[in-house]
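Peer 1: So I've got this file, model.csv, and it contains CSV, C-alpha atoms and all ligand atoms:
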```
chain,number,residue,atom,x,y,z
F,1375,MET,CA,18.7,-38.4,-38.9
F,1376,ALA,CA,16.9,-39.1,-42.1
F,1377,GLU,CA,14.9,-42.1,-40.9
F,1378,TYR,CA,13.4,-40.3,-38.0
F,1379,ILE,CA,9.6,-40.4,-38.0
F,1380,LYS,CA,8.9,-36.7,-37.8
F,1381,ALA,CA,5.3,-36.2,-37.0
F,1382,ARG,CA,5.1,-32.5,-37.3
F,1383,GLU,CA,7.1,-29.4,-38.0
F,1384,PRO,CA,7.7,-27.7,-35.7
F,1385,ASN,CA,8.1,-30.7,-33.5
F,1386,LEU,CA,6.9,-30.6,-29.9
F,1387,GLY,CA,8.9,-32.9,-27.6
F,1388,PHE,CA,7.6,-34.4,-24.3
F,1389,GLY,CA,10.2,-33.5,-21.7
F,1390,ASN,CA,10.2,-35.7,-18.6
F,1391,MET,CA,12.7,-34.1,-16.3
F,1392,ARG,CA,10.0,-32.6,-14.1
F,1393,MET,CA,6.9,-34.8,-13.6
F,1394,PRO,CA,3.6,-33.8,-12.2
F,1395,MET,CA,3.2,-34.6,-8.6
F,1396,LYS,CA,0.2,-35.2,-6.3
F,1397,ASP,CA,0.4,-35.5,-2.6
F,1398,GLY,CA,4.2,-35.9,-2.8
F,1399,VAL,CA,4.2,-38.7,-5.4
F,1400,VAL,CA,4.3,-38.8,-9.1
F,1401,ASP,CA,0.8,-38.3,-10.5
F,1402,THR,CA,0.6,-41.4,-12.8
F,1403,GLU,CA,-3.0,-40.8,-13.8
F,1404,THR,CA,-2.3,-37.4,-15.1
F,1405,ILE,CA,0.8,-38.6,-17.0
F,1406,PHE,CA,-1.2,-41.3,-18.7
F,1407,LYS,CA,-3.7,-38.6,-19.9
F,1408,MET,CA,-1.0,-36.3,-21.0
F,1409,VAL,CA,0.7,-39.0,-23.0
F,1410,ASP,CA,-2.6,-39.9,-24.6
F,1411,ALA,CA,-3.4,-36.3,-25.5
F,1412,TYR,CA,0.1,-35.8,-26.9
F,1413,MET,CA,0.1,-38.9,-29.0
F,1414,ALA,CA,-3.5,-38.3,-30.3
F,1415,ALA,CA,-2.2,-34.9,-31.6
F,1416,GLY,CA,0.4,-36.8,-33.7
F,1417,PHE,CA,3.6,-36.0,-31.8
F,1418,ASN,CA,5.9,-38.8,-30.7
F,1419,TYR,CA,9.2,-37.6,-29.2
F,1420,TYR,CA,10.0,-38.3,-25.5
F,1421,ASP,CA,13.1,-37.1,-23.7
F,1422,THR,CA,14.3,-38.5,-20.4
F,1423,GLY,CA,17.5,-39.2,-18.6
F,1424,TYR,CA,19.2,-41.8,-16.3
F,1425,ILE,CA,19.4,-39.3,-13.5
F,1426,TYR,CA,15.8,-38.0,-13.7
F,1427,LYS,CA,14.4,-39.8,-10.7
F,1428,GLY,CA,11.5,-42.2,-11.6
F,1429,SER,CA,11.2,-40.7,-15.1
F,1430,GLU,CA,12.4,-43.7,-17.2
F,1431,GLU,CA,10.2,-46.1,-15.1
F,1432,MET,CA,7.2,-43.8,-15.6
F,1433,LEU,CA,7.7,-43.7,-19.4
F,1434,LYS,CA,7.6,-47.5,-19.4
F,1435,LEU,CA,4.3,-47.5,-17.7
F,1436,ALA,CA,2.7,-44.5,-19.5
F,1437,LEU,CA,4.1,-45.1,-23.0
F,1438,VAL,CA,6.1,-48.2,-23.7
F,1439,GLU,CA,3.6,-50.6,-22.2
F,1440,ARG,CA,0.6,-48.8,-23.9
F,1441,TYR,CA,1.8,-47.9,-27.4
F,1442,PRO,CA,3.6,-49.9,-30.2
F,1443,ARG,CA,7.4,-49.4,-30.0
F,1444,GLU,CA,7.6,-48.0,-33.5
F,1445,SER,CA,5.0,-45.3,-32.8
F,1446,PHE,CA,7.3,-43.2,-30.5
F,1447,MET,CA,10.9,-42.2,-30.1
F,1448,ILE,CA,12.8,-42.0,-26.8
F,1449,THR,CA,16.0,-40.1,-26.0
F,1450,THR,CA,17.7,-40.9,-22.8
F,1451,LYS,CA,21.1,-39.8,-21.4
F,1452,LEU,CA,24.3,-40.9,-19.8
F,1453,SER,CA,25.5,-38.4,-17.2
F,1454,MET,CA,29.3,-38.5,-17.0
F,1455,ALA,CA,29.1,-36.7,-13.6
F,1456,ASP,CA,27.2,-39.8,-12.3
F,1457,CYS,CA,29.4,-42.4,-14.0
F,1458,PRO,CA,32.2,-43.5,-11.7
F,1459,THR,CA,34.2,-45.7,-14.1
F,1460,PRO,CA,34.3,-46.5,-17.8
F,1461,GLU,CA,32.9,-50.0,-17.0
F,1462,ASP,CA,29.8,-48.3,-15.6
F,1463,MET,CA,28.8,-46.8,-19.0
F,1464,PRO,CA,27.3,-50.1,-20.4
F,1465,LYS,CA,25.8,-50.9,-17.1
F,1466,ILE,CA,24.0,-47.5,-17.0
F,1467,PHE,CA,22.9,-47.9,-20.6
F,1468,ASP,CA,21.4,-51.3,-19.7
F,1469,ILE,CA,19.7,-49.9,-16.6
F,1470,SER,CA,18.0,-47.2,-18.7
F,1471,ARG,CA,16.8,-49.8,-21.2
F,1472,GLU,CA,15.5,-52.0,-18.5
F,1473,ARG,CA,13.7,-49.1,-16.7
F,1474,LEU,CA,12.2,-48.1,-20.0
F,1475,GLY,CA,11.4,-51.6,-21.0
F,1476,VAL,CA,12.9,-51.2,-24.5
F,1477,ASP,CA,15.4,-53.1,-26.6
F,1478,TYR,CA,16.9,-50.0,-28.2
F,1479,ILE,CA,17.0,-46.3,-27.6
F,1480,ASP,CA,16.2,-44.0,-30.5
F,1481,THR,CA,18.8,-41.4,-29.5
F,1482,TYR,CA,21.3,-41.8,-26.8
F,1483,PHE,CA,23.0,-38.7,-25.4
F,1484,LEU,CA,25.9,-37.8,-23.2
F,1485,HIS,CA,24.1,-35.6,-20.7
F,1486,GLY,CA,24.7,-31.9,-20.1
F,1487,LEU,CA,28.3,-31.7,-21.2
F,1488,THR,CA,30.5,-29.0,-19.7
F,1489,LYS,CA,34.3,-28.7,-19.6
F,1490,PRO,CA,34.9,-31.2,-16.8
F,1491,THR,CA,32.4,-33.7,-18.2
F,1492,ILE,CA,33.8,-33.4,-21.7
F,1493,GLU,CA,37.2,-34.2,-20.3
F,1494,LYS,CA,35.8,-37.2,-18.4
F,1495,ALA,CA,34.0,-38.3,-21.5
F,1496,TYR,CA,37.3,-38.5,-23.4
F,1497,LYS,CA,39.1,-40.2,-20.5
F,1498,PHE,CA,36.4,-42.8,-20.4
F,1499,GLY,CA,36.1,-43.2,-24.2
F,1500,ALA,CA,32.4,-42.2,-24.0
F,1501,PHE,CA,32.1,-41.0,-27.6
F,1502,ASP,CA,33.5,-44.3,-28.9
F,1503,PHE,CA,31.1,-46.1,-26.5
F,1504,LEU,CA,28.2,-44.2,-28.1
F,1505,ARG,CA,29.4,-45.1,-31.6
F,1506,GLY,CA,29.6,-48.8,-30.5
F,1507,LEU,CA,26.0,-48.7,-29.4
F,1508,ARG,CA,25.0,-47.3,-32.7
F,1509,ASP,CA,27.0,-49.9,-34.6
F,1510,LYS,CA,25.1,-52.6,-32.7
F,1511,GLY,CA,21.7,-51.0,-33.3
F,1512,LEU,CA,21.2,-50.5,-29.6
F,1513,ALA,CA,21.0,-46.8,-30.1
F,1514,LYS,CA,19.6,-45.6,-33.4
F,1515,HIS,CA,21.2,-42.2,-33.1
F,1516,ILE,CA,23.7,-40.5,-30.9
F,1517,GLY,CA,24.4,-37.0,-29.7
F,1518,PHE,CA,24.7,-34.9,-26.5
F,1519,SER,CA,23.1,-32.2,-24.5
F,1520,PHE,CA,25.3,-29.3,-23.7
F,1521,HIS,CA,25.8,-26.6,-21.1
F,1522,GLY,CA,29.4,-25.4,-21.9
F,1523,THR,CA,30.7,-22.4,-23.8
F,1524,PRO,CA,30.4,-21.7,-27.5
F,1525,GLU,CA,34.2,-22.4,-27.9
F,1526,GLN,CA,33.9,-25.7,-26.3
F,1527,LEU,CA,30.9,-26.6,-28.5
F,1528,ASP,CA,32.8,-25.7,-31.6
F,1529,GLU,CA,35.8,-27.8,-30.6
F,1530,LEU,CA,33.6,-30.7,-29.6
F,1531,LEU,CA,31.7,-30.7,-32.9
F,1532,THR,CA,34.9,-30.4,-34.8
F,1533,ASN,CA,36.4,-33.4,-33.0
F,1534,GLU,CA,33.2,-35.5,-33.1
F,1535,PRO,CA,31.6,-34.8,-36.4
F,1536,ASP,CA,29.4,-37.9,-36.3
F,1537,MET,CA,27.3,-36.7,-33.3
F,1538,GLU,CA,23.9,-36.5,-34.9
F,1539,LEU,CA,21.8,-34.3,-32.6
F,1540,VAL,CA,22.7,-31.5,-30.2
F,1541,GLN,CA,20.5,-30.5,-27.3
F,1542,LEU,CA,20.9,-26.8,-26.3
F,1543,GLN,CA,19.1,-24.5,-23.9
F,1544,ILE,CA,17.5,-21.9,-26.1
F,1545,ASN,CA,14.9,-19.3,-25.1
F,1546,TYR,CA,14.4,-15.6,-25.6
F,1547,LEU,CA,15.7,-14.8,-22.1
F,1548,ASP,CA,19.0,-16.6,-22.7
F,1549,TRP,CA,19.3,-15.7,-26.3
F,1550,ASP,CA,21.8,-12.8,-25.6
F,1551,ASP,CA,22.5,-13.7,-22.0
F,1552,GLU,CA,26.3,-13.4,-21.5
F,1553,LYS,CA,26.6,-16.6,-19.4
F,1554,VAL,CA,24.3,-19.0,-21.3
F,1555,GLN,CA,25.1,-17.4,-24.8
F,1556,ALA,CA,22.2,-19.3,-26.4
F,1557,ARG,CA,22.5,-17.4,-29.7
F,1558,ARG,CA,26.2,-18.2,-30.2
F,1559,LEU,CA,25.6,-21.9,-29.2
F,1560,TYR,CA,22.8,-22.1,-31.7
F,1561,GLU,CA,24.9,-20.5,-34.5
F,1562,ILE,CA,27.8,-22.9,-33.9
F,1563,ALA,CA,25.6,-26.0,-34.0
F,1564,ARG,CA,24.1,-24.7,-37.2
F,1565,ALA,CA,27.5,-23.9,-38.7
F,1566,HIS,CA,28.3,-27.6,-38.1
F,1567,GLY,CA,25.0,-28.5,-39.8
F,1568,LYS,CA,23.6,-30.2,-36.7
F,1569,PRO,CA,19.8,-30.4,-36.0
F,1570,ILE,CA,19.0,-29.0,-32.6
F,1571,SER,CA,16.9,-30.3,-29.8
F,1572,VAL,CA,15.9,-27.4,-27.6
F,1573,MET,CA,15.6,-27.7,-23.8
F,1574,GLU,CA,14.2,-25.1,-21.4
F,1575,PRO,CA,12.3,-23.1,-24.0
F,1576,CYS,CA,10.5,-21.4,-21.1
F,1577,LYS,CA,13.6,-21.3,-18.9
F,1578,GLY,CA,12.2,-23.6,-16.3
F,1579,GLY,CA,8.9,-21.6,-15.9
F,1580,TRP,CA,10.4,-18.1,-16.0
F,1581,LEU,CA,8.7,-17.4,-19.4
F,1582,SER,CA,5.4,-19.1,-18.7
F,1583,GLY,CA,2.5,-18.8,-16.3
F,1584,ASP,CA,0.0,-16.0,-15.6
F,1585,GLU,CA,2.0,-14.8,-12.6
F,1586,SER,CA,5.3,-14.3,-14.4
F,1587,GLU,CA,6.8,-11.0,-15.5
F,1588,ALA,CA,6.4,-12.3,-19.1
F,1589,ALA,CA,2.6,-12.4,-18.5
F,1590,GLN,CA,2.6,-8.7,-17.4
F,1591,VAL,CA,3.9,-7.7,-20.8
F,1592,LEU,CA,2.4,-10.4,-23.1
F,1593,LEU,CA,-1.1,-11.0,-21.8
F,1594,PRO,CA,-2.2,-7.4,-22.4
F,1595,ALA,CA,-0.8,-7.7,-25.9
F,1596,ASN,CA,-2.8,-10.9,-26.6
F,1597,PRO,CA,-5.1,-12.2,-23.9
F,1598,ASP,CA,-6.2,-15.1,-26.2
F,1599,VAL,CA,-3.0,-17.1,-26.1
F,1600,SER,CA,-0.9,-18.5,-23.3
F,1601,VAL,CA,2.3,-16.8,-22.1
F,1602,ALA,CA,4.2,-20.0,-22.8
F,1603,SER,CA,3.1,-20.0,-26.5
F,1604,TRP,CA,5.3,-16.9,-27.1
F,1605,ALA,CA,8.4,-18.8,-25.9
F,1606,PHE,CA,7.7,-21.7,-28.1
F,1607,ARG,CA,7.0,-19.5,-31.1
F,1608,PHE,CA,10.3,-17.7,-30.6
F,1609,VAL,CA,12.3,-21.0,-30.6
F,1610,ALA,CA,10.3,-22.7,-33.3
F,1611,GLY,CA,10.8,-19.8,-35.6
F,1612,LEU,CA,14.5,-20.5,-35.8
F,1613,GLU,CA,15.9,-22.7,-38.6
F,1614,GLY,CA,17.3,-26.1,-38.0
F,1615,ILE,CA,15.3,-26.9,-34.8
F,1616,TYR,CA,14.5,-30.6,-34.8
F,1617,VAL,CA,12.4,-30.7,-31.7
F,1618,ILE,CA,11.4,-28.4,-28.8
F,1619,LEU,CA,11.1,-30.1,-25.4
F,1620,SER,CA,8.4,-29.0,-23.1
F,1621,GLY,CA,8.3,-30.2,-19.5
F,1622,MET,CA,4.5,-30.2,-19.3
F,1623,GLY,CA,2.7,-30.5,-15.9
F,1624,ASN,CA,-0.9,-31.3,-16.8
F,1625,VAL,CA,-3.3,-32.1,-19.7
F,1626,GLU,CA,-4.2,-28.4,-20.2
F,1627,GLN,CA,-0.6,-27.6,-20.9
F,1628,VAL,CA,-0.3,-30.4,-23.4
F,1629,GLU,CA,-3.4,-29.1,-25.2
F,1630,ASP,CA,-2.2,-25.6,-25.1
F,1631,ASN,CA,1.2,-26.6,-26.6
F,1632,VAL,CA,-0.4,-28.8,-29.2
F,1633,LYS,CA,-2.5,-25.8,-30.3
F,1634,THR,CA,0.6,-23.6,-30.6
F,1635,PHE,CA,2.5,-26.2,-32.6
F,1636,LEU,CA,-0.3,-27.3,-34.9
F,1637,ASN,CA,-1.2,-23.7,-35.8
F,1638,PHE,CA,2.4,-22.5,-35.7
F,1639,LYS,CA,3.2,-18.9,-36.6
F,1640,PRO,CA,6.6,-17.4,-36.0
F,1641,LEU,CA,6.8,-14.3,-33.9
F,1642,THR,CA,6.3,-11.1,-35.9
F,1643,GLU,CA,8.9,-8.2,-35.5
F,1644,GLU,CA,6.4,-6.4,-33.2
F,1645,GLU,CA,6.0,-9.5,-31.1
F,1646,ARG,CA,9.8,-10.1,-30.9
F,1647,LYS,CA,10.1,-6.5,-29.5
F,1648,LEU,CA,7.7,-7.4,-26.8
F,1649,THR,CA,9.8,-10.4,-25.8
F,1650,LEU,CA,12.7,-8.0,-25.4
F,1651,GLU,CA,10.6,-5.9,-23.1
F,1652,VAL,CA,10.0,-9.1,-21.0
F,1653,VAL,CA,13.8,-9.6,-20.8
F,1654,ASP,CA,14.3,-6.1,-19.6
F,1655,ARG,CA,11.6,-6.5,-17.0
F,1656,ILE,CA,13.1,-9.7,-15.7
F,1657,HIS,CA,16.6,-8.3,-15.6
F,1658,ALA,CA,15.3,-5.3,-13.6
F,1659,VAL,CA,15.0,-7.5,-10.5
F,1660,PRO,CA,18.3,-9.1,-9.6
F,1661,ARG,CA,17.1,-12.6,-9.0
F,1662,ILE,CA,19.2,-15.8,-9.4
F,1663,PRO,CA,18.4,-17.4,-12.8
F,1664,CYS,CA,17.8,-20.8,-11.2
F,1665,THR,CA,15.5,-23.2,-13.0
F,1666,GLN,CA,15.1,-25.6,-10.0
F,1667,CYS,CA,16.6,-28.4,-12.0
F,1668,SER,CA,18.5,-29.8,-8.9
F,1669,TYR,CA,21.5,-30.9,-10.8
F,1670,CYS,CA,23.7,-29.0,-8.3
F,1671,THR,CA,22.5,-31.2,-5.4
F,1672,ARG,CA,23.9,-34.4,-6.8
F,1673,GLY,CA,27.5,-33.7,-5.9
F,1674,CYS,CA,27.0,-31.8,-2.7
F,1675,PRO,CA,28.9,-33.6,0.2
F,1676,LYS,CA,26.5,-32.0,2.7
F,1677,LYS,CA,23.4,-32.9,0.7
F,1678,LEU,CA,22.2,-29.3,1.0
F,1679,PRO,CA,18.9,-28.2,-0.6
F,1680,ILE,CA,20.4,-25.7,-2.9
F,1681,PRO,CA,17.4,-25.1,-5.2
F,1682,LEU,CA,15.4,-24.2,-2.1
F,1683,TYR,CA,17.9,-21.6,-1.1
F,1684,MET,CA,17.6,-20.1,-4.5
F,1685,ARG,CA,13.9,-20.0,-4.3
F,1686,HIS,CA,13.8,-18.4,-0.9
F,1687,TYR,CA,16.4,-15.8,-2.0
F,1688,ASN,CA,14.4,-15.0,-5.1
F,1689,ASN,CA,11.2,-14.6,-3.1
F,1690,LEU,CA,13.0,-12.2,-0.7
F,1691,ILE,CA,14.3,-10.1,-3.6
F,1692,THR,CA,11.0,-10.1,-5.4
F,1693,TYR,CA,8.5,-9.5,-2.6
F,1694,LYS,CA,10.8,-7.6,-0.2
F,1695,VAL,CA,9.2,-8.9,3.0
F,1696,PRO,CA,12.3,-10.0,5.0
F,1697,ASP,CA,10.4,-11.0,8.2
F,1698,SER,CA,8.0,-13.4,6.5
F,1699,SER,CA,10.8,-14.7,4.2
F,1700,ARG,CA,12.9,-15.5,7.2
F,1701,HIS,CA,10.0,-17.1,9.0
F,1702,LEU,CA,9.1,-19.3,5.9
F,1703,TYR,CA,12.8,-20.2,5.4
F,1704,HIS,CA,13.2,-21.4,9.0
F,1705,MET,CA,9.9,-23.3,8.8
F,1706,MET,CA,10.9,-25.2,5.6
F,1707,ILE,CA,14.7,-25.8,6.2
F,1708,LYS,CA,16.0,-27.8,9.1
F,1709,PRO,CA,19.1,-26.5,11.0
F,1710,GLU,CA,21.3,-29.3,9.7
F,1711,THR,CA,20.6,-28.4,6.1
F,1712,MET,CA,20.8,-24.6,6.4
F,1713,ALA,CA,23.2,-22.6,4.2
F,1714,ALA,CA,25.7,-22.3,7.1
F,1715,ASN,CA,26.6,-25.9,6.6
F,1716,CYS,CA,28.1,-25.3,3.2
F,1717,VAL,CA,31.9,-26.1,3.1
F,1718,GLY,CA,32.5,-24.0,0.0
F,1719,CYS,CA,33.8,-26.9,-2.1
F,1720,LYS,CA,32.1,-25.5,-5.2
F,1721,THR,CA,31.2,-29.0,-6.6
F,1722,CYS,CA,27.7,-27.7,-7.1
F,1723,GLU,CA,28.9,-24.9,-9.4
F,1724,THR,CA,30.6,-27.4,-11.8
F,1725,LEU,CA,27.1,-29.1,-12.2
F,1726,CYS,CA,24.9,-26.0,-12.6
F,1727,PRO,CA,23.7,-25.7,-16.2
F,1728,GLN,CA,22.9,-22.0,-15.6
F,1729,HIS,CA,26.5,-21.2,-14.6
F,1730,ILE,CA,25.3,-19.7,-11.3
F,1731,GLU,CA,27.9,-18.7,-8.7
F,1732,ILE,CA,26.1,-20.8,-6.2
F,1733,THR,CA,28.5,-20.3,-3.3
F,1734,LYS,CA,28.3,-16.6,-3.5
F,1735,TYR,CA,24.5,-16.8,-3.2
F,1736,ILE,CA,24.7,-19.3,-0.4
F,1737,GLN,CA,26.6,-16.7,1.6
F,1738,GLU,CA,23.9,-14.2,0.8
F,1739,VAL,CA,21.2,-16.6,1.9
F,1740,LYS,CA,23.0,-17.2,5.1
F,1741,ARG,CA,23.4,-13.4,5.7
F,1742,LEU,CA,19.9,-12.5,4.8
F,1743,LEU,CA,17.9,-15.4,6.0
F,1744,GLU,CA,19.9,-17.2,8.7
F,1745,ASP,CA,22.2,-14.8,10.6
F,1801,LIG,S1,29.9,-25.5,-2.2
F,1801,LIG,FE1,28.4,-25.9,-0.5
F,1801,LIG,S2,26.5,-26.3,-1.5
F,1801,LIG,FE2,28.1,-26.5,-3.1
F,1801,LIG,S3,28.5,-28.6,-3.1
F,1801,LIG,FE3,30.0,-27.7,-1.7
F,1801,LIG,S4,29.0,-27.9,0.3
F,1801,LIG,FE4,27.4,-28.3,-1.2
F,1802,LIG,S1,21.4,-23.7,-8.9
F,1802,LIG,FE1,21.7,-24.3,-11.0
F,1802,LIG,S2,21.9,-26.6,-10.9
F,1802,LIG,FE2,21.0,-25.9,-8.9
F,1802,LIG,S3,18.8,-26.0,-9.2
F,1802,LIG,FE3,19.4,-23.9,-9.8
F,1802,LIG,S4,19.8,-24.0,-12.0
F,1802,LIG,FE4,19.7,-26.1,-11.3
```
What does the file become when written as structure tokens?
Peer 2:
Amino acid sequence: MAEYIKAREPNLGFGNMRMPMKDGVVDTETIFKMVDAYMAAGFNYYDTGYIYKGSEEMLKLALVERYPRESFMITTKLSMADCPTPEDMPKIFDISRERLGVDYIDTYFLHGLTKPTIEKAYKFGAFDFLRGLRDKGLAKHIGFSFHGTPEQLDELLTNEPDMELVQLQINYLDWDDEKVQARRLYEIARAHGKPISVMEPCKGGWLSGDESEAAQVLLPANPDVSVASWAFRFVAGLEGIYVILSGMGNVEQVEDNVKTFLNFKPLTEEERKLTLEVVDRIHAVPRIPCTQCSYCTRGCPKKLPIPLYMRHYNNLITYKVPDSSRHLYHMMIKPETMAANCVGCKTCETLCPQHIEITKYIQEVKRLLED
């Protein structure tokens, strides 16, 4: 990783999984402004993925065609879950390059590895494929993003010591969470000497926004800074963090993040205690820890809108207004895509990075909102 152009420390990354939308389409004008504000502040790391719909193409327009190639870095990813045969790996890589309009990728990742996708990666020779790309200079660096267990991470890094960058979900809500186990994953990556790229530092919006539970605790403590800034400061205060990705939605968020990173101060002990209070408050309401990433929908044979079920369920649990929740649910979800259509195959569960027992909640959605 030595030759990486590292603009700042801590390093704010531009996440492109969720893009700002306007009237149902990607808001190109806003993305151009966001890229300009981010670049002007001296940051240069962009994260995308083959499976992020329209994201690679958007980066071509907003970044690649408007800035010199050497002024930015792009990470994109090969999803084993979306790769039917070993022969598709080079095809997918070339599609990503073409969509992005670049000759080489700065860091090429295997995407969101879990037990089944690790097994598939070995079956397909995916780690050797990545090494081949690096040998040819088509990918400057290689690594993977990861959603498995600490034990699986340890084994993987032991078997593949030349993976250069590891992307993990780290935030103060998941730090000691027994399913995500962010602290243990972080410790294992560090024990293997790997720099870490952090995804979901705000847990898909759970730790940001003035309406969040985090805001109820953190805004009274410091009304002059954003709720999200606490989440970034928590992660950026850890050693060995190479970059922290933020899926920003507008120029104001870019500016706020830039401010946090340029004037970085780690959380004090007192401030860390307040984040624990946020965690307690969030856990007091038994919602589903869904980040609305939509990964689960990709394998569903019935094409069911699983993230929408999760959102409606959480609204019901949070606001406790069953009649209007049911009304809204029936307005938004057509009969053919209601939870009753689920065949219980559990494919969705193998794809969920948050390890949510989706089928259990689908039954609850059916019982509470449909029956
Ligand atoms: S268990 Fe239900 S929701 Fe999940 S993939 Fe299968 S049919 Fe779709
Ligand atoms: S259920 Fe899991 S995979 Fe599906 S949207 Fe929520 S967090 Fe993402």
Peer 1: Within 9 Å of ligand LIG 1802 (chain F), counting only C-alpha atoms and all ligand atoms: which residues, as a list of chain:residue names?
Peer 2: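 If we count only C-alpha atoms and all ligand atoms, the neighbours of ligand LIG 1802 (chain F) turn out to be F:Gly1578, F:Ile1662, F:Pro1663, F:Cys1664, F:Thr1665, F:Gln1666, F:Cys1667, F:Ser1668, F:Tyr1669, F:Cys1670, F:Thr1671, F:Pro1679, F:Ile1680, F:Pro1681, F:Leu1682, F:Tyr1683, F:Met1684, F:Arg1685, F:Cys1722, F:Glu1723, F:Thr1724, F:Leu1725, F:Cys1726, F:Pro1727, F:Gln1728, F:His1729, F:Ile1730, F:Glu1731, F:Ile1732.
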Peer 1: Which residue, F:Ile1656, F:Glu1744, F:Val1717, F:Lys1568, has the smallest gap to His1704 in chain F when you use all atoms listed in the file?
Peer 2: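 The answer is F:Glu1744, which sits nearest to His1704 in chain F.
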Peer 1: Considering only C-alpha atoms and all ligand atoms, give me a table of residues in chain F that are at most 6 Å from ligand LIG 1801 (chain F), with the closest atom pair and distance in Å for each, as CSV.
Peer 2:
```
residue,atom,partner,partner_atom,distance
F:Gly1673,CA,F:LIG1801,S3,5.9
F:Cys1674,CA,F:LIG1801,S3,3.6
F:Pro1675,CA,F:LIG1801,FE4,5.7
F:Lys1676,CA,F:LIG1801,S4,5.4
F:Leu1678,CA,F:LIG1801,FE4,5.7
F:Cys1716,CA,F:LIG1801,FE1,3.8
F:Val1717,CA,F:LIG1801,S4,4.4
F:Gly1718,CA,F:LIG1801,S1,3.7
F:Cys1719,CA,F:LIG1801,FE3,3.9
F:Lys1720,CA,F:LIG1801,S1,3.7
F:Thr1721,CA,F:LIG1801,S3,4.4
F:Cys1722,CA,F:LIG1801,S3,4.2
F:Thr1733,CA,F:LIG1801,S1,5.5
```
Peer 1: By how many Å are CA of Gly1389 in chain F and CA of Asp1502 in chain F apart?
Peer 2: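 We find that CA of Gly1389 in chain F and CA of Asp1502 in chain F lie 26.7 Å from each other.
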Peer 1: Have a look at CA of Val1599 in chain F and CA of Glu1613 in chain F and let me know their distance in Å, one decimal.
Peer 2: 23.3 Å
Peer 1: Compile the contact shell of range 1422-1432 of chain F as an MDAnalysis selection string: residues with an atom at most 10 Å away, counting all atoms listed in the file, same-chain residues fewer than 4 positions apart removed.
Peer 2: chainID F and resid 1388:1393 1400:1402 1405:1406 1436:1438 1448:1453 1456 1466:1467 1469:1475 1482:1485 1667:1669 1672
Peer 1: Which is closer to Asp1462 in chain F than all the others in F:Phe1608, F:Phe1518, F:Phe1498, F:Tyr1441, using all atoms listed in the file?
Peer 2: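 So, comparing all the options, the nearest one is F:Phe1498.
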Peer 1: Using only C-alpha atoms, find the one residue out of F:Met1408, F:Met1622, F:Leu1433, F:Ala1610 that sits nearest to Gly1583 in chain F.
Peer 2: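 The shortest atom-to-atom distance to Gly1583 in chain F comes from F:Met1622.
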Peer 1: Interatomic distance between CA of Asp1397 in chain F and CA of Ser1600 in chain F?
Peer 2: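 Those two atoms sit 26.8 Å apart.
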